[in-house]
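Chemist: My questions will all concern the structure given below.
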Amino acid sequence: MIKQKNTLSEELKMQIVLELFAAKDDIKKLASKYGTSVKNIQNWKEQFLANAHLAFAPKTAQEIKNLKKQNAKMEKLTQKLEREIQETAQKLKELDIDAKRRMIDDSSELSIAQQCKIIDLNRPSLYYKSKVTDDKDELIKQKICEIYVSQKSKGYRAIHKKLIEDGYKIGINKVNKLMNLLAEQNALPQTAKENL
C-alpha cells in the first residue's frame, strides 16, 4: 500500500498546534483525527514556537505598507530616469562627429569603447584624421579646370593626355579622381555650350 502525501493548509496546521496547546486531545489522537503523523505535529509546534515573536511585532504590517509605497515611488523614478536617458541618447545621436569626438574623455571611468557606444560613435572614426590636400593637387585641379573650359572633349582621358603634353607627371586614375572630386564640389566651370 502506497501512502499518499497529505498536504495541509497553513491555517489548518496552526489550528492543530493550537488544539495541542489547549490540551483538548493528546498528540496521537490529533494525528489520527487529521490524518497526519505525530512527527509532523511536533515539527509544526516547534516551527510555531520559533516564529511566535513575529505575532507581537505590530510594525511589520506598517513596514510592509511603507516599503510598498517606497517601491512604487522608486518605480516611478526609474521610469522617469529611463525616459530621460532615452531622450538624452537620442539627442547625442543627432550630434555631428566632431562634437562626439570632443565628448570622449580618456580619464573617464568608462572605457573609450563604452563611451563610443553610448554616443553612437564608431570607434575607428574617433581616430580618423582627414587627409590634408597638398598644394600640388590644387595646382593640378586648376589646370584641369582650364583644360576643361578650353578643350572640346571633356573626358578625363583627353584631359589626362593634355596634362601629359603640358609636362605634368600624373596617372589617368588620379585625373579621374580629381575630376570626380571637382564635379562633386561643383567646381568644374560650365562652358557656354553647357548653359544652353
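Labels used: A, B, ... for chains in the order of the C-alpha cells, numbers from 1 for residues in each chain, and numbers from 1 for ligands as shown.
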Mind the document's chain letters and residue numbers, and return as a PyMOL selection string the residues of segment 28-113 of chain A that DSSP labels helix (DSSP H, G or I).
Modeler: chain A and resi 28-34+38-50+52-56+59-93+97-103+112-113
Chemist: Just the number, please: distance in Å from atom CA of Asn180 of chain A to atom CA of Leu95 of chain A, one decimal.
Modeler: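 About the pair atom CA of Asn180 of chain A and atom CA of Leu95 of chain A: they are 28.8 Å apart.
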Chemist: Using atom CA of Phe48 of chain A and atom CA of Met14 of chain A as the two end points, give the distance in Å to one decimal.
Modeler: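 About the pair atom CA of Phe48 of chain A and atom CA of Met14 of chain A: they are 7.7 Å apart.
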Chemist: Within 12 Å of Ala183 of chain A, counting only C-alpha atoms, which residues show up once you throw out same-chain ones fewer than 6 positions away? Write them as a VMD selection string, please.
Modeler: chain A and resid 141 144 to 145 148 156 176 to 177 189 to 190
Chemist: Calculate how many Å separate atom CA of Phe21 of chain A from atom CA of Lys33 of chain A, rounding to one decimal.
Modeler: 15.8 Å
Chemist: What lies within 6 Å of Asp120 of chain A using only C-alpha atoms, ignoring chain neighbours under 3 positions off, as a PyMOL selection string?
Modeler: chain A and resi 93+116-117
Chemist: Hey, can you spit out that residue selection with N, CA, C and O atoms as a PDB file, in the first residue's frame?
Modeler:
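File written: part.pdb
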```
ATOM      1  N   LYS A  93      22.800  61.149 -30.399  1.00  0.00           N
ATOM      2  CA  LYS A  93      22.913  60.543 -31.725  1.00  0.00           C
ATOM      3  C   LYS A  93      22.809  61.586 -32.827  1.00  0.00           C
ATOM      4  O   LYS A  93      23.344  61.402 -33.907  1.00  0.00           O
ATOM      5  N   CYS A 116      31.961  55.451 -26.659  1.00  0.00           N
ATOM      6  CA  CYS A 116      31.584  55.491 -28.073  1.00  0.00           C
ATOM      7  C   CYS A 116      30.223  54.849 -28.290  1.00  0.00           C
ATOM      8  O   CYS A 116      29.412  55.341 -29.074  1.00  0.00           O
ATOM      9  N   LYS A 117      29.962  53.761 -27.585  1.00  0.00           N
ATOM     10  CA  LYS A 117      28.676  53.070 -27.727  1.00  0.00           C
ATOM     11  C   LYS A 117      27.539  53.955 -27.228  1.00  0.00           C
ATOM     12  O   LYS A 117      26.486  54.032 -27.859  1.00  0.00           O
TER      13      LYS A 117
END
```
Chemist: Excluding same-chain residues fewer than 5 positions from segment 79-91 of chain A, what lies within 12 Å of it counting only C-alpha atoms, as a PyMOL selection string?
Modeler: chain A and resi 72-74+96+99-100+115-121
Chemist: I need the residue nearest Ile41 of chain A from this list: A:Glu19, A:Asp98, A:Glu63, A:Glu75. Use only C-alpha atoms for the distance.
Modeler: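 Closest residue, counting only C-alpha atoms: A:Glu19.
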